[in-house]
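Everything on this sheet refers to the single structure shown next.
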Amino acid sequence: MRLNPFNLTKPNRVKQSENFRHAKRGWKKRAPQFSFSKMVLFLCLLFLFLPLLVIIFYSFNASKDTEITGFSFVWYQKLIFDSAPLWHSLLNSFIVAISSSVVATVLGSLAAIGVSWYKFKGKGYIQTISFLPMVLPEVIMGLSLLIFFSAVKMSLGLFTIFIAHTTFCLPFVFLMVTARVDDFDTSIIEASHDLGANEIQTLTKVIIPAIMPGIISGFMMSVTMSLEDYVITFLVSGPGSTTLPLYVYSMIRFGVSPVINSLSFVLIVAIGLLTFSLRKGLKGFAAAH
């Protein structure tokens with residue numbers, strides 16, 4: 001009988017299958033136990049998702065009030081055909097959110113790279129003052145921006161909202177990218193210089209791809225914060241620049257229409273589909289870099 005010394009597939013498969021069976025039997029024997037941490041996790045998830053479930057439930061309610069009268073798509077019909085001001089405010093919100101987040105991401109990322117790796121006068125002062133918009137109350141920040149716009153005679157509108165949102169989103173991008181830059185292996189930069197790359201090539205082909213997960217995280221957080229902001233937007237907005245939070249809050253005086261519940265459900269579904277579709281690609285990109 002001849003032995004094949006290179007035939008190692010069969011023993012490995014047997015070993016893996018035995019380990020798998022042992023683990024499976026051990027899992028079946030493990031009895032579920034009550035723990036305080038599991039209870040806290042359940043309560044936190046319930047606290048976070050129960051309001052969303054309530055909104056979804058009442059979006060299909062035929063009555064305008066909280067009284068349950070039957071299942072209906074009437075509010076979705078009104079959302080599609082009879083809610084032009086609502087769609088206009090949503091479009092304004094997306095325009096401001098995307099544009100301000102792009103600018104804040106570019107400026108915040110470059111600032112994080114420059115502050116982390118270069119030595120210059122006032123570096124500590126810049127690092128400290130860059131976090132002030134994160135800790136200042138929104139009312140104070142909104143009033144200061146309003147005074148500034150009035151001093152320079154700038155008309156209030158979408159452009160002033162764009163400037164305000166860029167201002168308060170920039171520190172969050174700076175913080176996230178700085179955390180990524182601090183964990184960066186600087187020997188890669190030295191290797192790129194040894195291979196003949198200049199500063200621009202090192203930045204675009206080495207540094208930015210390596211810190212891209214932090215840049216993407218900062219951009220997503222900026223979009224989220226811009227879409228939900230009300231206080232600063234209210235103070236620096238003008239005629240014809242109503243965003244979705246301003247529109248929703250203005251409806252409170254007359255009672256919130258269930259059309260808002262329908263729009264909320266549509267946004268939840270859209271964001272969920274976008275998140276799950278990008279999840280695999282972003283995880284692969286983060287692992288590769």
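Ordering of the structure tokens sets the chain letters (A, B, ...), residue numbers begin anew at 1 in every chain, and ligands are numbered from 1 in the order given.
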
Close residues, region 202-212 of chain A itself excluded, 10 Å, only C-alpha atoms, min 2 positions apart in chain, as a PyMOL selection string: chain A and resi 109-110+113+176-186+188-193+196-200+214-218+282+285-286+288-289

Shell around Ile68 (chain A) at 12 Å using only C-alpha atoms, local window under 5 positions removed, as a short mmCIF file (atom, residue, chain, number, x, y, z; two decimals) with N, CA, C and O atoms, in the first residue's frame:
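Heads up, here's the output in result.cif:
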data_model
loop_
_atom_site.label_atom_id
_atom_site.label_comp_id
_atom_site.auth_asym_id
_atom_site.auth_seq_id
_atom_site.Cartn_x
_atom_site.Cartn_y
_atom_site.Cartn_z
N PHE A 57 -46.49 52.08 12.93
CA PHE A 57 -47.85 51.60 13.16
C PHE A 57 -48.89 52.67 12.83
O PHE A 57 -49.88 52.41 12.12
N TYR A 58 -48.67 53.89 13.31
CA TYR A 58 -49.66 54.95 13.08
C TYR A 58 -49.62 55.50 11.65
O TYR A 58 -50.55 56.19 11.24
N SER A 59 -48.57 55.20 10.89
CA SER A 59 -48.57 55.62 9.49
C SER A 59 -49.59 54.85 8.66
O SER A 59 -49.97 55.30 7.57
N PHE A 60 -50.02 53.68 9.15
CA PHE A 60 -51.03 52.88 8.46
C PHE A 60 -52.41 53.01 9.10
O PHE A 60 -53.33 52.28 8.74
N ASN A 61 -52.55 53.91 10.07
CA ASN A 61 -53.83 54.11 10.73
C ASN A 61 -54.70 55.07 9.91
O ASN A 61 -54.23 56.11 9.45
N ALA A 62 -55.96 54.71 9.71
CA ALA A 62 -56.85 55.54 8.88
C ALA A 62 -57.21 56.85 9.55
O ALA A 62 -57.51 57.84 8.87
N SER A 63 -57.17 56.92 10.89
CA SER A 63 -57.55 58.13 11.60
C SER A 63 -56.37 59.07 11.73
O SER A 63 -55.21 58.65 11.79
#

When DSSP is applied to the backbone of this structure, which of region 235-282 of chain A are assigned helix (DSSP H, G or I)? Write them out as an mmCIF file with all heavy atoms, in the first residue's frame.
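To be explicit, this is the file written out as part39.cif:
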data_model
loop_
_atom_site.group_PDB
_atom_site.id
_atom_site.type_symbol
_atom_site.label_atom_id
_atom_site.label_comp_id
_atom_site.auth_asym_id
_atom_site.auth_seq_id
_atom_site.Cartn_x
_atom_site.Cartn_y
_atom_site.Cartn_z
ATOM 1 N N LEU A 235 -32.071 79.675 13.358
ATOM 2 C CA LEU A 235 -31.518 81.016 13.582
ATOM 3 C C LEU A 235 -30.889 81.602 12.324
ATOM 4 O O LEU A 235 -30.847 82.832 12.180
ATOM 5 C CB LEU A 235 -30.484 80.967 14.710
ATOM 6 C CG LEU A 235 -31.059 80.669 16.105
ATOM 7 C CD1 LEU A 235 -29.935 80.440 17.101
ATOM 8 C CD2 LEU A 235 -31.963 81.802 16.571
ATOM 9 N N VAL A 236 -30.385 80.775 11.424
ATOM 10 C CA VAL A 236 -29.670 81.306 10.254
ATOM 11 C C VAL A 236 -30.440 81.086 8.955
ATOM 12 O O VAL A 236 -29.905 81.325 7.868
ATOM 13 C CB VAL A 236 -28.274 80.657 10.132
ATOM 14 C CG1 VAL A 236 -27.432 80.958 11.356
ATOM 15 C CG2 VAL A 236 -28.378 79.154 9.909
ATOM 16 N N LEU A 244 -36.355 70.197 6.410
ATOM 17 C CA LEU A 244 -37.338 69.266 6.963
ATOM 18 C C LEU A 244 -37.574 69.469 8.460
ATOM 19 O O LEU A 244 -38.740 69.487 8.890
ATOM 20 C CB LEU A 244 -36.904 67.822 6.687
ATOM 21 C CG LEU A 244 -37.881 66.737 7.147
ATOM 22 C CD1 LEU A 244 -39.210 66.856 6.436
ATOM 23 C CD2 LEU A 244 -37.284 65.351 6.923
ATOM 24 N N PRO A 245 -36.545 69.612 9.311
ATOM 25 C CA PRO A 245 -36.836 69.874 10.731
ATOM 26 C C PRO A 245 -37.639 71.147 10.951
ATOM 27 O O PRO A 245 -38.541 71.175 11.798
ATOM 28 C CB PRO A 245 -35.436 69.984 11.355
ATOM 29 C CG PRO A 245 -34.564 69.191 10.460
ATOM 30 C CD PRO A 245 -35.101 69.419 9.086
ATOM 31 N N LEU A 246 -37.352 72.219 10.202
ATOM 32 C CA LEU A 246 -38.120 73.451 10.343
ATOM 33 C C LEU A 246 -39.573 73.241 9.933
ATOM 34 O O LEU A 246 -40.493 73.763 10.573
ATOM 35 C CB LEU A 246 -37.493 74.563 9.497
ATOM 36 C CG LEU A 246 -36.081 75.005 9.864
ATOM 37 C CD1 LEU A 246 -35.624 76.121 8.936
ATOM 38 C CD2 LEU A 246 -36.011 75.458 11.316
ATOM 39 N N TYR A 247 -39.778 72.481 8.872
ATOM 40 C CA TYR A 247 -41.143 72.232 8.396
ATOM 41 C C TYR A 247 -41.931 71.407 9.407
ATOM 42 O O TYR A 247 -43.105 71.689 9.680
ATOM 43 C CB TYR A 247 -41.092 71.519 7.049
ATOM 44 C CG TYR A 247 -42.440 71.312 6.414
ATOM 45 C CD1 TYR A 247 -43.042 72.324 5.674
ATOM 46 C CD2 TYR A 247 -43.117 70.107 6.550
ATOM 47 C CE1 TYR A 247 -44.293 72.138 5.094
ATOM 48 C CE2 TYR A 247 -44.353 69.906 5.971
ATOM 49 C CZ TYR A 247 -44.934 70.923 5.243
ATOM 50 O OH TYR A 247 -46.169 70.743 4.678
ATOM 51 N N VAL A 248 -41.297 70.390 9.977
ATOM 52 C CA VAL A 248 -41.984 69.533 10.943
ATOM 53 C C VAL A 248 -42.328 70.314 12.212
ATOM 54 O O VAL A 248 -43.447 70.220 12.739
ATOM 55 C CB VAL A 248 -41.124 68.300 11.260
ATOM 56 C CG1 VAL A 248 -41.739 67.491 12.403
ATOM 57 C CG2 VAL A 248 -40.976 67.427 10.019
ATOM 58 N N TYR A 249 -41.373 71.118 12.695
ATOM 59 C CA TYR A 249 -41.634 71.883 13.912
ATOM 60 C C TYR A 249 -42.691 72.951 13.684
ATOM 61 O O TYR A 249 -43.432 73.302 14.604
ATOM 62 C CB TYR A 249 -40.335 72.518 14.417
ATOM 63 C CG TYR A 249 -39.508 71.601 15.277
ATOM 64 C CD1 TYR A 249 -38.493 70.827 14.730
ATOM 65 C CD2 TYR A 249 -39.745 71.501 16.642
ATOM 66 C CE1 TYR A 249 -37.731 69.981 15.506
ATOM 67 C CE2 TYR A 249 -38.986 70.654 17.432
ATOM 68 C CZ TYR A 249 -37.987 69.894 16.855
ATOM 69 O OH TYR A 249 -37.241 69.045 17.637
ATOM 70 N N SER A 250 -42.786 73.493 12.489
ATOM 71 C CA SER A 250 -43.822 74.484 12.209
ATOM 72 C C SER A 250 -45.207 73.860 12.194
ATOM 73 O O SER A 250 -46.210 74.554 12.419
ATOM 74 C CB SER A 250 -43.549 75.155 10.861
ATOM 75 O OG SER A 250 -43.668 74.231 9.799
ATOM 76 N N MET A 251 -45.302 72.558 11.944
ATOM 77 C CA MET A 251 -46.594 71.874 11.930
ATOM 78 C C MET A 251 -47.102 71.543 13.326
ATOM 79 O O MET A 251 -48.281 71.202 13.493
ATOM 80 C CB MET A 251 -46.485 70.585 11.113
ATOM 81 C CG MET A 251 -46.182 70.797 9.637
ATOM 82 S SD MET A 251 -45.942 69.233 8.776
ATOM 83 C CE MET A 251 -47.568 68.506 8.951
ATOM 84 N N ILE A 252 -46.227 71.641 14.326
ATOM 85 C CA ILE A 252 -46.643 71.296 15.685
ATOM 86 C C ILE A 252 -47.742 72.228 16.180
ATOM 87 O O ILE A 252 -48.629 71.837 16.945
ATOM 88 C CB ILE A 252 -45.426 71.318 16.634
ATOM 89 C CG1 ILE A 252 -44.449 70.209 16.250
ATOM 90 C CG2 ILE A 252 -45.840 71.158 18.086
ATOM 91 C CD1 ILE A 252 -43.210 70.164 17.090
ATOM 92 N N ARG A 253 -47.728 73.479 15.740
ATOM 93 C CA ARG A 253 -48.744 74.437 16.186
ATOM 94 C C ARG A 253 -50.141 74.035 15.740
ATOM 95 O O ARG A 253 -51.129 74.373 16.377
ATOM 96 C CB ARG A 253 -48.415 75.829 15.647
ATOM 97 C CG ARG A 253 -47.135 76.423 16.228
ATOM 98 C CD ARG A 253 -46.792 77.731 15.559
ATOM 99 N NE ARG A 253 -46.525 77.565 14.132
ATOM 100 C CZ ARG A 253 -46.263 78.568 13.304
ATOM 101 N NH1 ARG A 253 -46.263 79.814 13.756
ATOM 102 N NH2 ARG A 253 -46.009 78.319 12.030
ATOM 103 N N PHE A 254 -50.237 73.296 14.641
ATOM 104 C CA PHE A 254 -51.541 72.879 14.122
ATOM 105 C C PHE A 254 -51.776 71.378 14.269
ATOM 106 O O PHE A 254 -52.778 70.857 13.793
ATOM 107 C CB PHE A 254 -51.649 73.250 12.628
ATOM 108 C CG PHE A 254 -51.308 74.675 12.344
ATOM 109 C CD1 PHE A 254 -50.074 75.018 11.823
ATOM 110 C CD2 PHE A 254 -52.210 75.694 12.632
ATOM 111 C CE1 PHE A 254 -49.753 76.341 11.560
ATOM 112 C CE2 PHE A 254 -51.896 77.021 12.377
ATOM 113 C CZ PHE A 254 -50.666 77.343 11.840
ATOM 114 N N PRO A 258 -50.270 62.792 10.138
ATOM 115 C CA PRO A 258 -49.713 61.437 9.960
ATOM 116 C C PRO A 258 -48.890 61.278 8.696
ATOM 117 O O PRO A 258 -48.225 60.252 8.526
ATOM 118 C CB PRO A 258 -50.960 60.549 9.916
ATOM 119 C CG PRO A 258 -52.009 61.323 10.638
ATOM 120 C CD PRO A 258 -51.724 62.765 10.320
ATOM 121 N N VAL A 259 -48.927 62.272 7.805
ATOM 122 C CA VAL A 259 -48.072 62.228 6.631
ATOM 123 C C VAL A 259 -46.606 62.182 7.049
ATOM 124 O O VAL A 259 -45.770 61.544 6.391
ATOM 125 C CB VAL A 259 -48.354 63.432 5.713
ATOM 126 C CG1 VAL A 259 -47.374 63.480 4.551
ATOM 127 C CG2 VAL A 259 -49.779 63.368 5.186
ATOM 128 N N ILE A 260 -46.278 62.833 8.157
ATOM 129 C CA ILE A 260 -44.912 62.799 8.681
ATOM 130 C C ILE A 260 -44.531 61.381 9.081
ATOM 131 O O ILE A 260 -43.387 60.949 8.874
ATOM 132 C CB ILE A 260 -44.762 63.762 9.871
ATOM 133 C CG1 ILE A 260 -45.103 65.187 9.445
ATOM 134 C CG2 ILE A 260 -43.360 63.706 10.435
ATOM 135 C CD1 ILE A 260 -44.196 65.740 8.372
ATOM 136 N N ASN A 261 -45.484 60.642 9.647
ATOM 137 C CA ASN A 261 -45.215 59.245 9.989
ATOM 138 C C ASN A 261 -44.915 58.428 8.731
ATOM 139 O O ASN A 261 -44.012 57.576 8.733
ATOM 140 C CB ASN A 261 -46.422 58.645 10.716
ATOM 141 C CG ASN A 261 -46.713 59.333 12.030
ATOM 142 O OD1 ASN A 261 -45.835 59.927 12.637
ATOM 143 N ND2 ASN A 261 -47.961 59.278 12.459
ATOM 144 N N SER A 262 -45.656 58.691 7.670
ATOM 145 C CA SER A 262 -45.419 57.981 6.416
ATOM 146 C C SER A 262 -44.042 58.305 5.853
ATOM 147 O O SER A 262 -43.306 57.415 5.403
ATOM 148 C CB SER A 262 -46.505 58.343 5.396
ATOM 149 O OG SER A 262 -47.791 58.081 5.914
ATOM 150 N N LEU A 263 -43.675 59.589 5.888
ATOM 151 C CA LEU A 263 -42.355 59.977 5.411
ATOM 152 C C LEU A 263 -41.256 59.363 6.274
ATOM 153 O O LEU A 263 -40.213 58.934 5.752
ATOM 154 C CB LEU A 263 -42.233 61.502 5.413
ATOM 155 C CG LEU A 263 -40.875 62.067 4.976
ATOM 156 C CD1 LEU A 263 -40.588 61.699 3.523
ATOM 157 C CD2 LEU A 263 -40.832 63.571 5.161
ATOM 158 N N SER A 264 -41.477 59.286 7.567
ATOM 159 C CA SER A 264 -40.485 58.682 8.460
ATOM 160 C C SER A 264 -40.268 57.209 8.112
ATOM 161 O O SER A 264 -39.126 56.737 8.082
ATOM 162 C CB SER A 264 -40.944 58.809 9.915
ATOM 163 O OG SER A 264 -41.120 60.164 10.270
ATOM 164 N N PHE A 265 -41.349 56.499 7.843
ATOM 165 C CA PHE A 265 -41.214 55.084 7.476
ATOM 166 C C PHE A 265 -40.473 54.917 6.147
ATOM 167 O O PHE A 265 -39.630 54.025 5.997
ATOM 168 C CB PHE A 265 -42.596 54.434 7.400
ATOM 169 C CG PHE A 265 -42.553 52.977 7.037
ATOM 170 C CD1 PHE A 265 -41.802 52.082 7.779
ATOM 171 C CD2 PHE A 265 -43.270 52.499 5.950
ATOM 172 C CE1 PHE A 265 -41.762 50.735 7.444
ATOM 173 C CE2 PHE A 265 -43.233 51.163 5.609
ATOM 174 C CZ PHE A 265 -42.482 50.274 6.357
ATOM 175 N N VAL A 266 -40.766 55.793 5.191
ATOM 176 C CA VAL A 266 -40.065 55.739 3.898
ATOM 177 C C VAL A 266 -38.569 55.989 4.094
ATOM 178 O O VAL A 266 -37.716 55.298 3.515
ATOM 179 C CB VAL A 266 -40.676 56.765 2.919
ATOM 180 C CG1 VAL A 266 -39.828 56.875 1.655
ATOM 181 C CG2 VAL A 266 -42.099 56.376 2.559
ATOM 182 N N LEU A 267 -38.219 56.975 4.938
ATOM 183 C CA LEU A 267 -36.810 57.266 5.191
ATOM 184 C C LEU A 267 -36.128 56.123 5.942
ATOM 185 O O LEU A 267 -34.964 55.798 5.668
ATOM 186 C CB LEU A 267 -36.686 58.563 5.991
ATOM 187 C CG LEU A 267 -37.089 59.847 5.265
ATOM 188 C CD1 LEU A 267 -36.976 61.045 6.203
ATOM 189 C CD2 LEU A 267 -36.220 60.067 4.036
ATOM 190 N N ILE A 268 -36.843 55.495 6.875
ATOM 191 C CA ILE A 268 -36.268 54.365 7.615
ATOM 192 C C ILE A 268 -35.942 53.216 6.665
ATOM 193 O O ILE A 268 -34.860 52.614 6.716
ATOM 194 C CB ILE A 268 -37.241 53.898 8.721
ATOM 195 C CG1 ILE A 268 -37.330 54.948 9.827
ATOM 196 C CG2 ILE A 268 -36.791 52.562 9.309
ATOM 197 C CD1 ILE A 268 -38.411 54.674 10.849
ATOM 198 N N VAL A 269 -36.878 52.912 5.757
ATOM 199 C CA VAL A 269 -36.655 51.829 4.794
ATOM 200 C C VAL A 269 -35.494 52.173 3.853
ATOM 201 O O VAL A 269 -34.619 51.344 3.581
ATOM 202 C CB VAL A 269 -37.942 51.553 3.996
ATOM 203 C CG1 VAL A 269 -37.674 50.569 2.864
ATOM 204 C CG2 VAL A 269 -39.025 51.013 4.911
ATOM 205 N N ALA A 270 -35.471 53.424 3.366
ATOM 206 C CA ALA A 270 -34.414 53.828 2.435
ATOM 207 C C ALA A 270 -33.041 53.782 3.091
ATOM 208 O O ALA A 270 -32.075 53.265 2.509
ATOM 209 C CB ALA A 270 -34.711 55.235 1.905
ATOM 210 N N ILE A 271 -32.938 54.301 4.317
ATOM 211 C CA ILE A 271 -31.653 54.301 5.022
ATOM 212 C C ILE A 271 -31.235 52.876 5.378
ATOM 213 O O ILE A 271 -30.045 52.521 5.303
ATOM 214 C CB ILE A 271 -31.740 55.182 6.280
ATOM 215 C CG1 ILE A 271 -31.942 56.649 5.870
ATOM 216 C CG2 ILE A 271 -30.485 55.039 7.134
ATOM 217 C CD1 ILE A 271 -32.209 57.576 7.027
ATOM 218 N N GLY A 272 -32.204 52.036 5.759
ATOM 219 C CA GLY A 272 -31.880 50.645 6.057
ATOM 220 C C GLY A 272 -31.349 49.899 4.848
ATOM 221 O O GLY A 272 -30.357 49.170 4.937
ATOM 222 N N LEU A 273 -31.993 50.076 3.699
ATOM 223 C CA LEU A 273 -31.518 49.428 2.477
ATOM 224 C C LEU A 273 -30.137 49.935 2.081
ATOM 225 O O LEU A 273 -29.265 49.154 1.667
ATOM 226 C CB LEU A 273 -32.515 49.671 1.346
ATOM 227 C CG LEU A 273 -33.884 48.991 1.484
ATOM 228 C CD1 LEU A 273 -34.802 49.412 0.346
ATOM 229 C CD2 LEU A 273 -33.744 47.474 1.529
ATOM 230 N N LEU A 274 -29.927 51.260 2.217
ATOM 231 C CA LEU A 274 -28.621 51.819 1.886
ATOM 232 C C LEU A 274 -27.537 51.287 2.814
ATOM 233 O O LEU A 274 -26.423 50.958 2.379
ATOM 234 C CB LEU A 274 -28.688 53.343 1.960
ATOM 235 C CG LEU A 274 -27.395 54.105 1.639
ATOM 236 C CD1 LEU A 274 -26.987 53.861 0.188
ATOM 237 C CD2 LEU A 274 -27.575 55.595 1.896
ATOM 238 N N THR A 275 -27.857 51.178 4.104
ATOM 239 C CA THR A 275 -26.875 50.690 5.079
ATOM 240 C C THR A 275 -26.482 49.250 4.812
ATOM 241 O O THR A 275 -25.297 48.893 4.790
ATOM 242 C CB THR A 275 -27.437 50.831 6.503
ATOM 243 O OG1 THR A 275 -27.779 52.197 6.756
ATOM 244 C CG2 THR A 275 -26.422 50.361 7.533
ATOM 245 N N PHE A 276 -27.479 48.388 4.592
ATOM 246 C CA PHE A 276 -27.174 46.978 4.368
ATOM 247 C C PHE A 276 -26.484 46.749 3.024
ATOM 248 O O PHE A 276 -25.676 45.834 2.887
ATOM 249 C CB PHE A 276 -28.455 46.149 4.451
ATOM 250 C CG PHE A 276 -28.925 45.908 5.853
ATOM 251 C CD1 PHE A 276 -30.039 46.548 6.349
ATOM 252 C CD2 PHE A 276 -28.236 45.038 6.691
ATOM 253 C CE1 PHE A 276 -30.468 46.333 7.645
ATOM 254 C CE2 PHE A 276 -28.659 44.821 7.994
ATOM 255 C CZ PHE A 276 -29.775 45.464 8.476
ATOM 256 N N SER A 277 -26.793 47.569 2.031
ATOM 257 C CA SER A 277 -26.140 47.411 0.736
ATOM 258 C C SER A 277 -24.682 47.853 0.777
ATOM 259 O O SER A 277 -23.837 47.292 0.074
ATOM 260 C CB SER A 277 -26.898 48.202 -0.334
ATOM 261 O OG SER A 277 -26.882 49.596 -0.032
ATOM 262 N N LEU A 278 -24.374 48.864 1.601
ATOM 263 C CA LEU A 278 -23.001 49.352 1.696
ATOM 264 C C LEU A 278 -22.181 48.646 2.775
ATOM 265 O O LEU A 278 -20.961 48.821 2.830
ATOM 266 C CB LEU A 278 -22.996 50.856 1.994
ATOM 267 C CG LEU A 278 -23.567 51.775 0.907
ATOM 268 C CD1 LEU A 278 -23.549 53.213 1.384
ATOM 269 C CD2 LEU A 278 -22.788 51.631 -0.388
ATOM 270 N N ARG A 279 -22.834 47.868 3.609
ATOM 271 C CA ARG A 279 -22.150 47.284 4.757
ATOM 272 C C ARG A 279 -21.001 46.369 4.334
ATOM 273 O O ARG A 279 -19.878 46.487 4.830
ATOM 274 C CB ARG A 279 -23.158 46.497 5.600
ATOM 275 C CG ARG A 279 -22.550 45.852 6.838
ATOM 276 C CD ARG A 279 -23.591 45.055 7.596
ATOM 277 N NE ARG A 279 -23.017 44.392 8.753
ATOM 278 C CZ ARG A 279 -23.682 43.543 9.529
ATOM 279 N NH1 ARG A 279 -24.956 43.283 9.264
ATOM 280 N NH2 ARG A 279 -23.093 42.976 10.560
ATOM 281 N N LYS A 280 -21.271 45.480 3.395
ATOM 282 C CA LYS A 280 -20.256 44.525 2.974
ATOM 283 C C LYS A 280 -19.085 45.229 2.295
ATOM 284 O O LYS A 280 -17.917 44.933 2.558
ATOM 285 C CB LYS A 280 -20.871 43.500 2.035
ATOM 286 C CG LYS A 280 -19.917 42.376 1.660
ATOM 287 C CD LYS A 280 -20.617 41.338 0.807
ATOM 288 C CE LYS A 280 -19.657 40.204 0.440
ATOM 289 N NZ LYS A 280 -20.331 39.175 -0.403
ATOM 290 N N GLY A 281 -19.400 46.195 1.430
ATOM 291 C CA GLY A 281 -18.334 46.904 0.734
ATOM 292 C C GLY A 281 -17.474 47.727 1.661
ATOM 293 O O GLY A 281 -16.247 47.741 1.532
ATOM 294 N N LEU A 282 -18.100 48.420 2.637
ATOM 295 C CA LEU A 282 -17.339 49.241 3.566
ATOM 296 C C LEU A 282 -16.483 48.385 4.504
ATOM 297 O O LEU A 282 -15.354 48.755 4.831
ATOM 298 C CB LEU A 282 -18.297 50.131 4.378
ATOM 299 C CG LEU A 282 -18.989 51.243 3.599
ATOM 300 C CD1 LEU A 282 -19.961 51.987 4.516
ATOM 301 C CD2 LEU A 282 -17.980 52.202 2.999
#

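Proximity of A:Phe71, A:Gly238, A:Cys169, A:Ser257 to Ser99 (chain A), computed with only C-alpha atoms, is greatest for A:Cys169.
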
If you count only C-alpha atoms, the residue of A:Leu175, A:Met220, A:Leu145, A:Val231 closest to Val115 (chain A) turns out to be A:Leu175

For Pro85 (chain A): contacts at 10 Å, only C-alpha atoms, fewer than 3 positions along chain excluded, given as a PDB file with C-alpha atoms, in the first residue's frame:
ATOM      1  CA  ASP A  82     -50.453  66.249  -1.852  1.00  0.00           C
ATOM      2  CA  HIS A  88     -39.333  70.687  -1.107  1.00  0.00           C
ATOM      3  CA  SER A  89     -38.135  70.972   2.498  1.00  0.00           C
ATOM      4  CA  LEU A  90     -36.702  67.446   2.313  1.00  0.00           C
ATOM      5  CA  LEU A  91     -34.823  68.372  -0.868  1.00  0.00           C
ATOM      6  CA  THR A 242     -37.121  75.737   4.977  1.00  0.00           C
ATOM      7  CA  THR A 243     -35.537  72.383   5.785  1.00  0.00           C
ATOM      8  CA  LEU A 244     -37.338  69.266   6.963  1.00  0.00           C
ATOM      9  CA  TYR A 247     -41.143  72.232   8.396  1.00  0.00           C
TER      10      TYR A 247
END
